[in-house]
$ cat input20.cif   # mmCIF, C-alpha atoms
data_structure
#
loop_
_atom_site.group_PDB
_atom_site.id
_atom_site.type_symbol
_atom_site.label_atom_id
_atom_site.label_comp_id
_atom_site.auth_asym_id
_atom_site.auth_seq_id
_atom_site.Cartn_x
_atom_site.Cartn_y
_atom_site.Cartn_z
ATOM 1 C CA MET A 481 -24.636 57.862 8.034
ATOM 2 C CA PHE A 482 -22.267 60.677 7.146
ATOM 3 C CA SER A 483 -20.786 60.769 3.660
ATOM 4 C CA PHE A 484 -17.004 60.321 3.532
ATOM 5 C CA ASP A 485 -16.590 63.175 1.022
ATOM 6 C CA ARG A 486 -18.623 65.535 3.211
ATOM 7 C CA MET A 487 -16.603 64.631 6.280
ATOM 8 C CA ARG A 488 -13.453 65.280 4.270
ATOM 9 C CA ALA A 489 -14.789 68.721 3.271
ATOM 10 C CA LEU A 490 -15.514 69.595 6.914
ATOM 11 C CA HIS A 491 -12.049 68.433 7.969
ATOM 12 C CA ALA A 492 -10.488 70.602 5.256
ATOM 13 C CA VAL A 493 -12.365 73.699 6.454
ATOM 14 C CA ALA A 494 -11.244 72.975 10.023
ATOM 15 C CA GLN A 495 -7.654 72.597 8.860
ATOM 16 C CA HIS A 496 -7.453 75.594 6.513
ATOM 17 C CA GLY A 497 -9.847 78.054 8.152
ATOM 18 C CA SER A 498 -12.032 78.941 5.152
ATOM 19 C CA VAL A 499 -14.167 77.372 2.457
ATOM 20 C CA ALA A 500 -11.964 78.814 -0.280
ATOM 21 C CA ALA A 501 -8.743 77.408 1.205
ATOM 22 C CA ALA A 502 -10.440 74.065 1.844
ATOM 23 C CA ALA A 503 -11.603 73.956 -1.789
ATOM 24 C CA ALA A 504 -8.078 74.674 -3.025
ATOM 25 C CA SER A 505 -6.634 71.861 -0.900
ATOM 26 C CA LEU A 506 -9.229 69.434 -2.232
ATOM 27 C CA HIS A 507 -8.888 70.656 -5.825
ATOM 28 C CA VAL A 508 -12.608 71.443 -6.114
ATOM 29 C CA THR A 509 -14.606 74.677 -6.362
ATOM 30 C CA PRO A 510 -15.685 76.647 -3.260
ATOM 31 C CA SER A 511 -19.324 76.153 -4.270
ATOM 32 C CA GLY A 512 -18.712 72.394 -4.337
ATOM 33 C CA VAL A 513 -17.394 72.495 -0.766
ATOM 34 C CA SER A 514 -20.309 74.677 0.345
ATOM 35 C CA GLN A 515 -22.784 72.190 -1.136
ATOM 36 C CA GLN A 516 -21.079 69.285 0.639
ATOM 37 C CA LEU A 517 -21.194 71.139 3.958
ATOM 38 C CA ALA A 518 -24.841 72.076 3.532
ATOM 39 C CA LYS A 519 -25.733 68.428 2.955
ATOM 40 C CA LEU A 520 -23.624 67.384 5.957
ATOM 41 C CA GLU A 521 -25.507 69.855 8.155
ATOM 42 C CA ARG A 522 -28.794 68.282 7.065
ATOM 43 C CA GLU A 523 -27.406 64.814 7.860
ATOM 44 C CA ALA A 524 -26.152 65.997 11.271
ATOM 45 C CA GLY A 525 -29.329 67.929 12.079
ATOM 46 C CA GLN A 526 -27.221 70.782 13.475
ATOM 47 C CA ALA A 527 -25.446 73.872 12.195
ATOM 48 C CA LEU A 528 -21.766 73.138 11.637
ATOM 49 C CA LEU A 529 -20.629 76.589 10.397
ATOM 50 C CA GLU A 530 -21.425 80.148 11.419
ATOM 51 C CA PRO A 531 -20.457 83.481 9.844
ATOM 52 C CA ARG A 532 -17.302 85.197 11.019
ATOM 53 C CA GLY A 533 -16.544 88.451 9.279
ATOM 54 C CA ARG A 534 -16.269 87.648 5.575
ATOM 55 C CA GLY A 535 -15.627 83.992 6.304
ATOM 56 C CA VAL A 536 -16.979 81.197 8.474
ATOM 57 C CA ARG A 537 -15.976 79.331 11.562
ATOM 58 C CA LEU A 538 -16.981 75.968 13.007
ATOM 59 C CA THR A 539 -19.724 75.790 15.597
ATOM 60 C CA ARG A 540 -19.298 73.626 18.659
ATOM 61 C CA ALA A 541 -21.063 70.795 16.802
ATOM 62 C CA GLY A 542 -18.831 71.443 13.805
ATOM 63 C CA ARG A 543 -15.683 71.136 15.936
ATOM 64 C CA VAL A 544 -16.897 67.865 17.451
ATOM 65 C CA LEU A 545 -17.727 66.396 14.052
ATOM 66 C CA ALA A 546 -14.480 67.688 12.540
ATOM 67 C CA GLY A 547 -12.564 65.829 15.243
ATOM 68 C CA HIS A 548 -14.280 62.605 14.259
ATOM 69 C CA ALA A 549 -13.641 63.402 10.600
ATOM 70 C CA GLY A 550 -9.913 63.728 11.273
ATOM 71 C CA ARG A 551 -9.779 60.332 12.958
ATOM 72 C CA ILE A 552 -11.814 58.717 10.176
ATOM 73 C CA LEU A 553 -9.558 60.154 7.472
ATOM 74 C CA ALA A 554 -6.444 58.990 9.341
ATOM 75 C CA GLN A 555 -7.878 55.487 9.688
ATOM 76 C CA VAL A 556 -8.762 55.329 5.986
ATOM 77 C CA ALA A 557 -5.259 56.520 5.086
ATOM 78 C CA GLN A 558 -3.761 53.807 7.305
ATOM 79 C CA ALA A 559 -5.995 51.190 5.689
ATOM 80 C CA ARG A 560 -4.852 52.241 2.235
ATOM 81 C CA SER A 561 -1.230 52.136 3.358
ATOM 82 C CA ASP A 562 -1.660 48.657 4.822
ATOM 83 C CA LEU A 563 -3.236 47.377 1.617
ATOM 84 C CA GLU A 564 -0.434 48.838 -0.469
ATOM 85 C CA LEU A 565 2.139 47.132 1.754
ATOM 86 C CA LEU A 566 0.237 43.861 2.087
ATOM 87 C CA ASN A 567 2.443 41.944 -0.350
ATOM 88 C CA GLU A 568 5.644 43.533 0.980
ATOM 89 C CA GLU A 569 5.179 43.842 4.733
ATOM 90 C CA VAL A 570 4.034 40.972 6.928
ATOM 91 C CA LEU A 571 0.891 42.208 8.663
ATOM 92 C CA GLY A 572 -2.791 41.528 9.173
ATOM 93 C CA PRO A 573 -4.625 38.290 10.012
ATOM 94 C CA LEU A 574 -3.043 34.869 9.506
ATOM 95 C CA ARG A 575 -5.267 31.847 10.194
ATOM 96 C CA LEU A 576 -3.519 28.528 10.825
ATOM 97 C CA GLY A 577 -4.892 25.029 11.280
ATOM 98 C CA ALA A 578 -2.955 21.978 12.460
ATOM 99 C CA ILE A 579 -3.473 18.325 13.298
ATOM 100 C CA PRO A 580 -3.287 17.523 17.032
ATOM 101 C CA THR A 581 0.015 15.618 16.797
ATOM 102 C CA THR A 582 1.798 18.740 15.542
ATOM 103 C CA VAL A 583 0.146 21.364 17.739
ATOM 104 C CA HIS A 584 2.204 20.656 20.870
ATOM 105 C CA ALA A 585 5.560 20.116 19.127
ATOM 106 C CA LEU A 586 5.591 22.217 15.973
ATOM 107 C CA LEU A 587 3.230 25.128 16.496
ATOM 108 C CA PRO A 588 4.592 26.702 19.716
ATOM 109 C CA PRO A 589 8.027 27.497 18.189
ATOM 110 C CA THR A 590 6.314 28.523 14.963
ATOM 111 C CA LEU A 591 4.048 31.008 16.742
ATOM 112 C CA ALA A 592 6.968 32.297 18.818
ATOM 113 C CA THR A 593 8.990 32.979 15.666
ATOM 114 C CA LEU A 594 6.101 34.789 13.984
ATOM 115 C CA ALA A 595 5.459 36.927 17.064
ATOM 116 C CA ALA A 596 9.131 37.896 17.353
ATOM 117 C CA GLN A 597 9.799 38.557 13.672
ATOM 118 C CA HIS A 598 6.426 39.915 12.556
ATOM 119 C CA PRO A 599 4.650 41.657 15.454
ATOM 120 C CA ARG A 600 1.994 43.163 13.142
ATOM 121 C CA LEU A 601 0.848 39.692 12.101
ATOM 122 C CA GLU A 602 -2.372 38.654 13.869
ATOM 123 C CA VAL A 603 -2.134 34.861 14.162
ATOM 124 C CA THR A 604 -4.949 32.511 15.149
ATOM 125 C CA LEU A 605 -4.692 28.715 15.407
ATOM 126 C CA ARG A 606 -7.333 26.006 15.107
ATOM 127 C CA GLU A 607 -6.693 22.357 15.928
ATOM 128 C CA GLY A 608 -8.289 19.908 13.519
ATOM 129 C CA GLU A 609 -7.766 16.871 11.324
ATOM 130 C CA ALA A 610 -7.076 17.185 7.609
ATOM 131 C CA GLU A 611 -10.667 16.330 6.724
ATOM 132 C CA GLN A 612 -11.658 19.505 8.594
ATOM 133 C CA THR A 613 -8.835 21.935 7.838
ATOM 134 C CA VAL A 614 -8.129 21.278 4.146
ATOM 135 C CA PRO A 615 -11.713 22.163 3.106
ATOM 136 C CA GLN A 616 -11.362 25.317 5.237
ATOM 137 C CA VAL A 617 -8.218 26.260 3.292
ATOM 138 C CA VAL A 618 -10.059 25.675 0.009
ATOM 139 C CA ALA A 619 -12.984 27.814 1.216
ATOM 140 C CA GLY A 620 -10.668 30.625 2.352
ATOM 141 C CA ASP A 621 -11.472 30.184 6.051
ATOM 142 C CA LEU A 622 -7.864 29.167 6.804
ATOM 143 C CA ASP A 623 -4.647 30.408 5.211
ATOM 144 C CA VAL A 624 -2.376 27.455 6.051
ATOM 145 C CA ALA A 625 -3.113 23.976 7.384
ATOM 146 C CA VAL A 626 -0.550 21.517 8.749
ATOM 147 C CA VAL A 627 -1.654 17.976 7.892
ATOM 148 C CA GLU A 628 -0.221 14.467 7.514
ATOM 149 C CA ILE A 629 0.129 12.235 4.485
ATOM 150 C CA TRP A 630 0.670 8.543 5.302
ATOM 151 C CA ALA A 631 2.805 6.584 2.825
ATOM 152 C CA ASP A 632 0.467 3.581 2.923
ATOM 153 C CA ARG A 633 -2.705 5.708 2.596
ATOM 154 C CA PRO A 634 -1.891 8.863 0.626
ATOM 155 C CA THR A 635 -4.135 11.862 1.142
ATOM 156 C CA VAL A 636 -5.622 13.154 -2.099
ATOM 157 C CA LEU A 637 -5.393 16.936 -1.996
ATOM 158 C CA PRO A 638 -7.734 19.067 -4.123
ATOM 159 C CA PRO A 639 -6.129 20.726 -7.165
ATOM 160 C CA THR A 640 -6.762 24.179 -5.700
ATOM 161 C CA VAL A 641 -4.148 23.702 -2.950
ATOM 162 C CA THR A 642 -0.417 23.120 -2.883
ATOM 163 C CA ALA A 643 1.548 21.439 -0.103
ATOM 164 C CA THR A 644 5.096 21.923 1.150
ATOM 165 C CA ALA A 645 6.752 19.006 2.935
ATOM 166 C CA LEU A 646 8.114 19.860 6.381
ATOM 167 C CA PHE A 647 9.508 16.590 7.759
ATOM 168 C CA SER A 648 8.968 12.829 7.936
ATOM 169 C CA ASP A 649 7.708 10.888 10.920
ATOM 170 C CA VAL A 650 7.183 7.222 11.818
ATOM 171 C CA ALA A 651 4.529 5.475 13.891
ATOM 172 C CA ASP A 652 5.570 2.690 16.255
ATOM 173 C CA LEU A 653 3.652 0.002 18.070
ATOM 174 C CA ALA A 654 2.917 0.574 21.751
ATOM 175 C CA LEU A 655 2.265 -2.634 23.708
ATOM 176 C CA PRO A 656 1.686 -3.382 27.393
ATOM 177 C CA SER A 657 4.998 -4.533 28.826
ATOM 178 C CA THR A 658 3.341 -7.823 29.828
ATOM 179 C CA HIS A 659 2.351 -8.725 26.258
ATOM 180 C CA ARG A 660 3.949 -11.830 24.744
ATOM 181 C CA LEU A 661 5.679 -9.744 22.044
ATOM 182 C CA ALA A 662 6.885 -6.962 24.324
ATOM 183 C CA HIS A 663 10.439 -8.334 24.484
ATOM 184 C CA ARG A 664 10.930 -7.794 20.744
ATOM 185 C CA ARG A 665 12.595 -4.779 19.117
ATOM 186 C CA ALA A 666 10.460 -5.091 15.954
ATOM 187 C CA VAL A 667 7.321 -6.976 15.110
ATOM 188 C CA ASP A 668 5.196 -7.845 12.103
ATOM 189 C CA LEU A 669 1.794 -6.256 12.584
ATOM 190 C CA ALA A 670 0.181 -9.470 11.388
ATOM 191 C CA GLU A 671 1.432 -11.092 14.618
ATOM 192 C CA VAL A 672 -0.470 -8.658 16.810
ATOM 193 C CA ASP A 673 -3.809 -10.439 16.564
ATOM 194 C CA ASP A 674 -4.526 -11.223 20.204
ATOM 195 C CA VAL A 675 -4.934 -7.782 21.743
ATOM 196 C CA PRO A 676 -7.602 -5.075 21.523
ATOM 197 C CA TRP A 677 -6.695 -1.711 19.982
ATOM 198 C CA ILE A 678 -6.895 1.845 21.219
ATOM 199 C CA ALA A 679 -7.982 4.237 18.459
ATOM 200 C CA TRP A 680 -9.040 7.811 17.888
ATOM 201 C CA THR A 681 -12.755 8.529 17.785
ATOM 202 C CA ALA A 682 -14.724 6.733 15.080
ATOM 203 C CA GLY A 683 -15.002 8.664 11.827
ATOM 204 C CA SER A 684 -11.738 10.545 12.288
ATOM 205 C CA GLY A 685 -8.900 10.225 9.808
ATOM 206 C CA CYS A 686 -6.656 8.642 12.466
ATOM 207 C CA HIS A 687 -9.301 6.020 13.270
ATOM 208 C CA GLU A 688 -9.736 5.125 9.592
ATOM 209 C CA TRP A 689 -5.968 4.952 9.117
ATOM 210 C CA LEU A 690 -5.591 2.447 11.969
ATOM 211 C CA LEU A 691 -8.287 0.217 10.469
ATOM 212 C CA HIS A 692 -6.640 0.453 7.043
ATOM 213 C CA VAL A 693 -3.169 -0.442 8.362
ATOM 214 C CA LEU A 694 -4.298 -3.477 10.344
ATOM 215 C CA ARG A 695 -6.647 -4.839 7.719
ATOM 216 C CA ALA A 696 -3.839 -4.584 5.154
ATOM 217 C CA GLN A 697 -1.966 -7.055 7.414
ATOM 218 C CA GLN A 698 -5.001 -9.373 7.629
ATOM 219 C CA VAL A 699 -5.741 -8.259 11.179
ATOM 220 C CA GLU A 700 -9.350 -7.374 11.939
ATOM 221 C CA PRO A 701 -9.002 -4.882 14.796
ATOM 222 C CA ARG A 702 -11.061 -5.183 17.928
ATOM 223 C CA ILE A 703 -11.360 -1.609 19.222
ATOM 224 C CA SER A 704 -11.477 -1.403 23.017
ATOM 225 C CA CYS A 705 -11.101 2.359 23.499
ATOM 226 C CA THR A 706 -11.654 5.412 21.294
ATOM 227 C CA VAL A 707 -9.933 8.485 22.662
ATOM 228 C CA GLY A 708 -8.287 11.551 21.194
ATOM 229 C CA GLY A 709 -4.706 12.304 22.170
ATOM 230 C CA TYR A 710 -1.766 9.954 22.058
ATOM 231 C CA PRO A 711 -0.600 10.624 25.652
ATOM 232 C CA THR A 712 -3.979 9.323 26.830
ATOM 233 C CA GLN A 713 -3.701 6.334 24.512
ATOM 234 C CA LEU A 714 -0.262 5.501 25.954
ATOM 235 C CA ALA A 715 -1.662 5.747 29.484
ATOM 236 C CA LEU A 716 -4.338 3.240 28.494
ATOM 237 C CA VAL A 717 -1.705 0.946 27.006
ATOM 238 C CA ALA A 718 0.154 1.131 30.334
ATOM 239 C CA GLY A 719 -3.091 0.106 32.005
ATOM 240 C CA ASN A 720 -3.225 -3.000 29.785
ATOM 241 C CA ALA A 721 -6.294 -1.735 27.905
ATOM 242 C CA GLY A 722 -4.843 -2.587 24.491
ATOM 243 C CA ALA A 723 -2.238 -1.696 21.869
ATOM 244 C CA ALA A 724 -1.840 1.523 19.902
ATOM 245 C CA LEU A 725 0.051 2.885 16.910
ATOM 246 C CA VAL A 726 1.714 6.135 17.977
ATOM 247 C CA PRO A 727 3.712 8.595 15.826
ATOM 248 C CA ARG A 728 7.122 9.426 17.277
ATOM 249 C CA LEU A 729 6.384 13.153 17.153
ATOM 250 C CA ALA A 730 3.463 12.648 19.533
ATOM 251 C CA ARG A 731 5.054 10.071 21.819
ATOM 252 C CA GLY A 732 7.448 11.751 24.215
ATOM 253 C CA THR A 733 8.686 9.488 27.014
ATOM 254 C CA PRO A 734 6.372 6.457 27.281
ATOM 255 C CA PRO A 735 4.927 5.778 30.729
ATOM 256 C CA ALA A 736 6.023 2.800 32.784
ATOM 257 C CA GLY A 737 4.345 -0.373 31.625
ATOM 258 C CA VAL A 738 4.608 0.469 27.901
ATOM 259 C CA ARG A 739 6.980 -1.090 25.404
ATOM 260 C CA ILE A 740 7.637 0.616 22.045
ATOM 261 C CA LEU A 741 8.404 -1.597 19.048
ATOM 262 C CA THR A 742 9.146 -0.733 15.446
ATOM 263 C CA THR A 743 6.781 -2.273 12.946
ATOM 264 C CA ARG A 744 7.083 -4.319 9.787
ATOM 265 C CA PRO A 745 6.085 -2.787 7.462
ATOM 266 C CA ALA A 746 7.292 0.614 8.637
ATOM 267 C CA LEU A 747 4.526 3.180 9.025
ATOM 268 C CA SER A 748 5.785 6.545 7.771
ATOM 269 C CA ARG A 749 4.065 9.837 7.200
ATOM 270 C CA THR A 750 5.019 13.237 5.847
ATOM 271 C CA ILE A 751 3.958 16.385 7.654
ATOM 272 C CA VAL A 752 3.022 19.057 5.111
ATOM 273 C CA ALA A 753 1.788 22.644 5.134
ATOM 274 C CA VAL A 754 -1.106 23.290 2.766
ATOM 275 C CA CYS A 755 -2.210 26.624 1.287
ATOM 276 C CA ARG A 756 -4.203 27.723 -1.735
ATOM 277 C CA VAL A 757 -2.445 27.625 -5.088
ATOM 278 C CA GLY A 758 -1.001 31.041 -5.939
ATOM 279 C CA GLU A 759 -1.026 32.311 -2.348
ATOM 280 C CA GLU A 760 2.219 30.734 -1.157
ATOM 281 C CA GLU A 761 4.082 33.918 -2.136
ATOM 282 C CA HIS A 762 1.868 36.231 -0.083
ATOM 283 C CA ALA A 763 3.949 37.809 2.659
ATOM 284 C CA GLY A 764 2.037 36.461 5.659
ATOM 285 C CA ILE A 765 1.725 32.942 4.254
ATOM 286 C CA GLN A 766 5.381 32.936 3.234
ATOM 287 C CA ALA A 767 6.312 33.987 6.765
ATOM 288 C CA ALA A 768 4.231 31.115 8.168
ATOM 289 C CA LEU A 769 5.869 28.580 5.848
ATOM 290 C CA ASP A 770 9.324 29.881 6.759
ATOM 291 C CA ALA A 771 8.547 29.647 10.483
ATOM 292 C CA LEU A 772 7.139 26.123 10.076
ATOM 293 C CA ARG A 773 10.281 25.048 8.199
ATOM 294 C CA ALA A 774 12.491 26.482 10.921
ATOM 295 C CA ALA A 775 10.499 24.718 13.655
ATOM 296 C CA SER A 776 10.696 21.477 11.639
ATOM 297 C CA ALA A 777 14.484 21.586 11.366
ATOM 298 C CA ARG A 778 14.970 19.566 14.554
ATOM 299 C CA PHE A 779 12.848 16.738 13.126
ATOM 300 C CA THR A 780 14.633 16.435 9.772
ATOM 301 C CA THR A 781 17.856 17.335 8.003
ATOM 302 C CA GLY A 782 16.308 17.343 4.532
ATOM 303 C CA ALA A 783 15.148 20.462 2.731
ATOM 304 C CA ALA A 784 11.415 20.928 2.427
ATOM 305 C CA GLN A 785 10.182 20.597 -1.109
ATOM 306 C CA PRO A 786 6.790 21.268 -2.698
ATOM 307 C CA VAL A 787 4.490 18.262 -2.939
ATOM 308 C CA ARG A 788 2.400 18.165 -6.105
#

$ encode --input "input20.cif" --output "structure tokens"
Amino acid sequence: MFSFDRMRALHAVAQHGSVAAAAASLHVTPSGVSQQLAKLEREAGQALLEPRGRGVRLTRAGRVLAGHAGRILAQVAQARSDLELLNEEVLGPLRLGAIPTTVHALLPPTLATLAAQHPRLEVTLREGEAEQTVPQVVAGDLDVAVVEIWADRPTVLPPTVTATALFSDVADLALPSTHRLAHRRAVDLAEVDDVPWIAWTAGSGCHEWLLHVLRAQQVEPRISCTVGGYPTQLALVAGNAGAALVPRLARGTPPAGVRILTTRPALSRTIVAVCRVGEEEHAGIQAALDALRAASARFTTGAAQPVR
């Protein structure tokens, strides 16, 4: 591997035409430059300089290597510039995570805003539940994660992260239109004790939340289907496979054969953006939070505030 300092010495000779002029530009002695070039020749295994009158000139191998040296020095200079601007200019990698119910509604306008306003930002997105993405934020594998905090089952966030509220959402009850309660506008969940339930896959946060909500109303749920994705759950409800609790953000227009009822008690959640403590002011993360707030504006009229 070629030494950076030796490549810089070769580039200086190529630029200035002599060892003495190269040494002056680098603020070192001519003998120092000569020593660097001699070592570089040994590393390259080829002569890089040849005599020319009282001076030297680059050999063919020297010109080839000097060309590479110029590109390497330019790349290093750009890297230093990027690092110096990192906290002022929005650039570099930005790794986002988000729960499935926000990916289709919240993340597309967020990514579009970031691409339009900050083209040097390199954004990647991973879909995942909070139990997956929050530990990745803590570990530094994600920069920002969009997660949910249910009012009746608060998520305990680690002290090393901070969360900014984006908007509030509510989950409603989806019943087959033939169910005995389907004519109601609102229903006590304790009344829904004669129908199987459609849940997310066992072990997921959404699955555990459903069990928690129903058991709090003295209903022991009988799970008939475990599927990811609320549109699929609603299709199963339409097929009379059971009932489901579906957040409004994820609902869209229910299919025929589904009735949507509000619940007593109301099931509310807050969508929050989580990042590591102290990093919320970093330019890229701040840009992501701003874009998430802007995309959230159509879901809420309230200002987002930090959640501690």

$ resolve_selection --input "input20.cif" --expression "the PyMOL selection byres ((chain A and resi 577-585) around 6)" --output "number ranges by chain"
A: 576, 586-587, 605-609, 625-627, 730

$ resolve_selection --input "input20.cif" --expression "the PyMOL selection byres ((chain A and resi 745-761) around 6)" --output "NGL selection string"
:A and (623-631 or 640-651 or 743-744 or 762 or 765-766)

$ closest_residue --input "input20.cif" --among "A:Leu653, A:Leu490, A:Leu601, A:Leu591" --to "A:Val544" --atoms "all atoms listed in the file"
A:Leu490

$ atom_distance --input "input20.cif" --atom1 "atom CA of A:Ala592" --atom2 "atom CA of A:Leu622"
19.3 Å

$ atom_distance --input "input20.cif" --atom1 "atom CA of A:Glu700" --atom2 "atom CA of A:Arg665"
23.2 Å

$ residues_around --input "input20.cif" --residues "A:Glu523" --least-positions-apart "4" --cutoff "12 Å" --atoms "only C-alpha atoms" --output "JSON, numbers by chain"
{"A": [481, 482, 483, 486, 487, 516, 517, 518, 519, 527, 528, 545]}

$ resolve_selection --input "input20.cif" --expression "the PyMOL selection byres ((chain A and resi 709) around 8)" --output "VMD selection string"
chain A and resid 580 to 581 680 707 to 708 710 to 713

$ closest_residue --input "input20.cif" --among "A:Ala721, A:Val699, A:Gly764, A:Gly685" --to "A:Arg600" --atoms "only C-alpha atoms"
A:Gly764

$ closest_residue --input "input20.cif" --among "A:Val726, A:Val675, A:Ala492, A:Leu553" --to "A:Arg702" --atoms "only C-alpha atoms"
A:Val675

$ atom_distance --input "input20.cif" --atom1 "atom CA of A:Gly722" --atom2 "atom CA of A:Pro634"
26.6 Å

$ residues_near_point --input "input20.cif" --point "(-2.2, 35.5, 16.3)" --cutoff "8 Å" --atoms "all atoms listed in the file" --output "MDAnalysis selection string"
chainID A and resid 573:575 591 595 601:605

$ closest_residue --input "input20.cif" --among "A:Ala723, A:His692, A:Ala775, A:Asp632" --to "A:Trp677" --atoms "all atoms listed in the file"
A:Ala723

$ build_atoms --input "input20.cif" --residues "stretch 598-612 of chain A" --atoms "N, CA, C and O atoms" --output "PDB file, in the coordinates of the input"
ATOM      1  N   HIS A 598       7.491  39.188  13.254  1.00  0.00           N
ATOM      2  CA  HIS A 598       6.426  39.915  12.556  1.00  0.00           C
ATOM      3  C   HIS A 598       5.330  40.324  13.539  1.00  0.00           C
ATOM      4  O   HIS A 598       4.235  39.761  13.546  1.00  0.00           O
ATOM      5  N   PRO A 599       5.603  41.302  14.392  1.00  0.00           N
ATOM      6  CA  PRO A 599       4.650  41.657  15.454  1.00  0.00           C
ATOM      7  C   PRO A 599       3.323  42.203  14.939  1.00  0.00           C
ATOM      8  O   PRO A 599       2.350  42.240  15.696  1.00  0.00           O
ATOM      9  N   ARG A 600       3.263  42.643  13.677  1.00  0.00           N
ATOM     10  CA  ARG A 600       1.994  43.163  13.142  1.00  0.00           C
ATOM     11  C   ARG A 600       1.131  42.065  12.529  1.00  0.00           C
ATOM     12  O   ARG A 600       0.046  42.323  12.020  1.00  0.00           O
ATOM     13  N   LEU A 601       1.623  40.828  12.587  1.00  0.00           N
ATOM     14  CA  LEU A 601       0.848  39.692  12.101  1.00  0.00           C
ATOM     15  C   LEU A 601      -0.081  39.214  13.212  1.00  0.00           C
ATOM     16  O   LEU A 601       0.347  39.004  14.348  1.00  0.00           O
ATOM     17  N   GLU A 602      -1.359  39.060  12.888  1.00  0.00           N
ATOM     18  CA  GLU A 602      -2.372  38.654  13.869  1.00  0.00           C
ATOM     19  C   GLU A 602      -2.701  37.178  13.634  1.00  0.00           C
ATOM     20  O   GLU A 602      -3.507  36.839  12.771  1.00  0.00           O
ATOM     21  N   VAL A 603      -2.061  36.300  14.413  1.00  0.00           N
ATOM     22  CA  VAL A 603      -2.134  34.861  14.162  1.00  0.00           C
ATOM     23  C   VAL A 603      -3.206  34.215  15.037  1.00  0.00           C
ATOM     24  O   VAL A 603      -3.277  34.478  16.243  1.00  0.00           O
ATOM     25  N   THR A 604      -4.017  33.366  14.414  1.00  0.00           N
ATOM     26  CA  THR A 604      -4.949  32.511  15.149  1.00  0.00           C
ATOM     27  C   THR A 604      -4.689  31.068  14.737  1.00  0.00           C
ATOM     28  O   THR A 604      -4.240  30.797  13.618  1.00  0.00           O
ATOM     29  N   LEU A 605      -4.972  30.139  15.642  1.00  0.00           N
ATOM     30  CA  LEU A 605      -4.692  28.715  15.407  1.00  0.00           C
ATOM     31  C   LEU A 605      -5.917  27.896  15.755  1.00  0.00           C
ATOM     32  O   LEU A 605      -6.528  28.090  16.808  1.00  0.00           O
ATOM     33  N   ARG A 606      -6.253  26.962  14.853  1.00  0.00           N
ATOM     34  CA  ARG A 606      -7.333  26.006  15.107  1.00  0.00           C
ATOM     35  C   ARG A 606      -6.753  24.595  15.022  1.00  0.00           C
ATOM     36  O   ARG A 606      -6.035  24.271  14.077  1.00  0.00           O
ATOM     37  N   GLU A 607      -7.079  23.762  15.985  1.00  0.00           N
ATOM     38  CA  GLU A 607      -6.693  22.357  15.928  1.00  0.00           C
ATOM     39  C   GLU A 607      -7.754  21.583  15.152  1.00  0.00           C
ATOM     40  O   GLU A 607      -8.944  21.790  15.354  1.00  0.00           O
ATOM     41  N   GLY A 608      -7.328  20.704  14.269  1.00  0.00           N
ATOM     42  CA  GLY A 608      -8.289  19.908  13.519  1.00  0.00           C
ATOM     43  C   GLY A 608      -7.586  18.925  12.603  1.00  0.00           C
ATOM     44  O   GLY A 608      -6.427  19.107  12.235  1.00  0.00           O
ATOM     45  N   GLU A 609      -8.300  17.858  12.261  1.00  0.00           N
ATOM     46  CA  GLU A 609      -7.766  16.871  11.324  1.00  0.00           C
ATOM     47  C   GLU A 609      -7.857  17.402   9.903  1.00  0.00           C
ATOM     48  O   GLU A 609      -8.562  18.378   9.616  1.00  0.00           O
ATOM     49  N   ALA A 610      -7.138  16.727   8.993  1.00  0.00           N
ATOM     50  CA  ALA A 610      -7.076  17.185   7.609  1.00  0.00           C
ATOM     51  C   ALA A 610      -8.454  17.263   6.965  1.00  0.00           C
ATOM     52  O   ALA A 610      -8.727  18.163   6.167  1.00  0.00           O
ATOM     53  N   GLU A 611      -9.333  16.327   7.327  1.00  0.00           N
ATOM     54  CA  GLU A 611     -10.667  16.330   6.724  1.00  0.00           C
ATOM     55  C   GLU A 611     -11.462  17.568   7.134  1.00  0.00           C
ATOM     56  O   GLU A 611     -12.455  17.916   6.482  1.00  0.00           O
ATOM     57  N   GLN A 612     -11.024  18.250   8.183  1.00  0.00           N
ATOM     58  CA  GLN A 612     -11.658  19.505   8.594  1.00  0.00           C
ATOM     59  C   GLN A 612     -10.916  20.716   8.028  1.00  0.00           C
ATOM     60  O   GLN A 612     -11.536  21.641   7.497  1.00  0.00           O
TER      61      GLN A 612
END
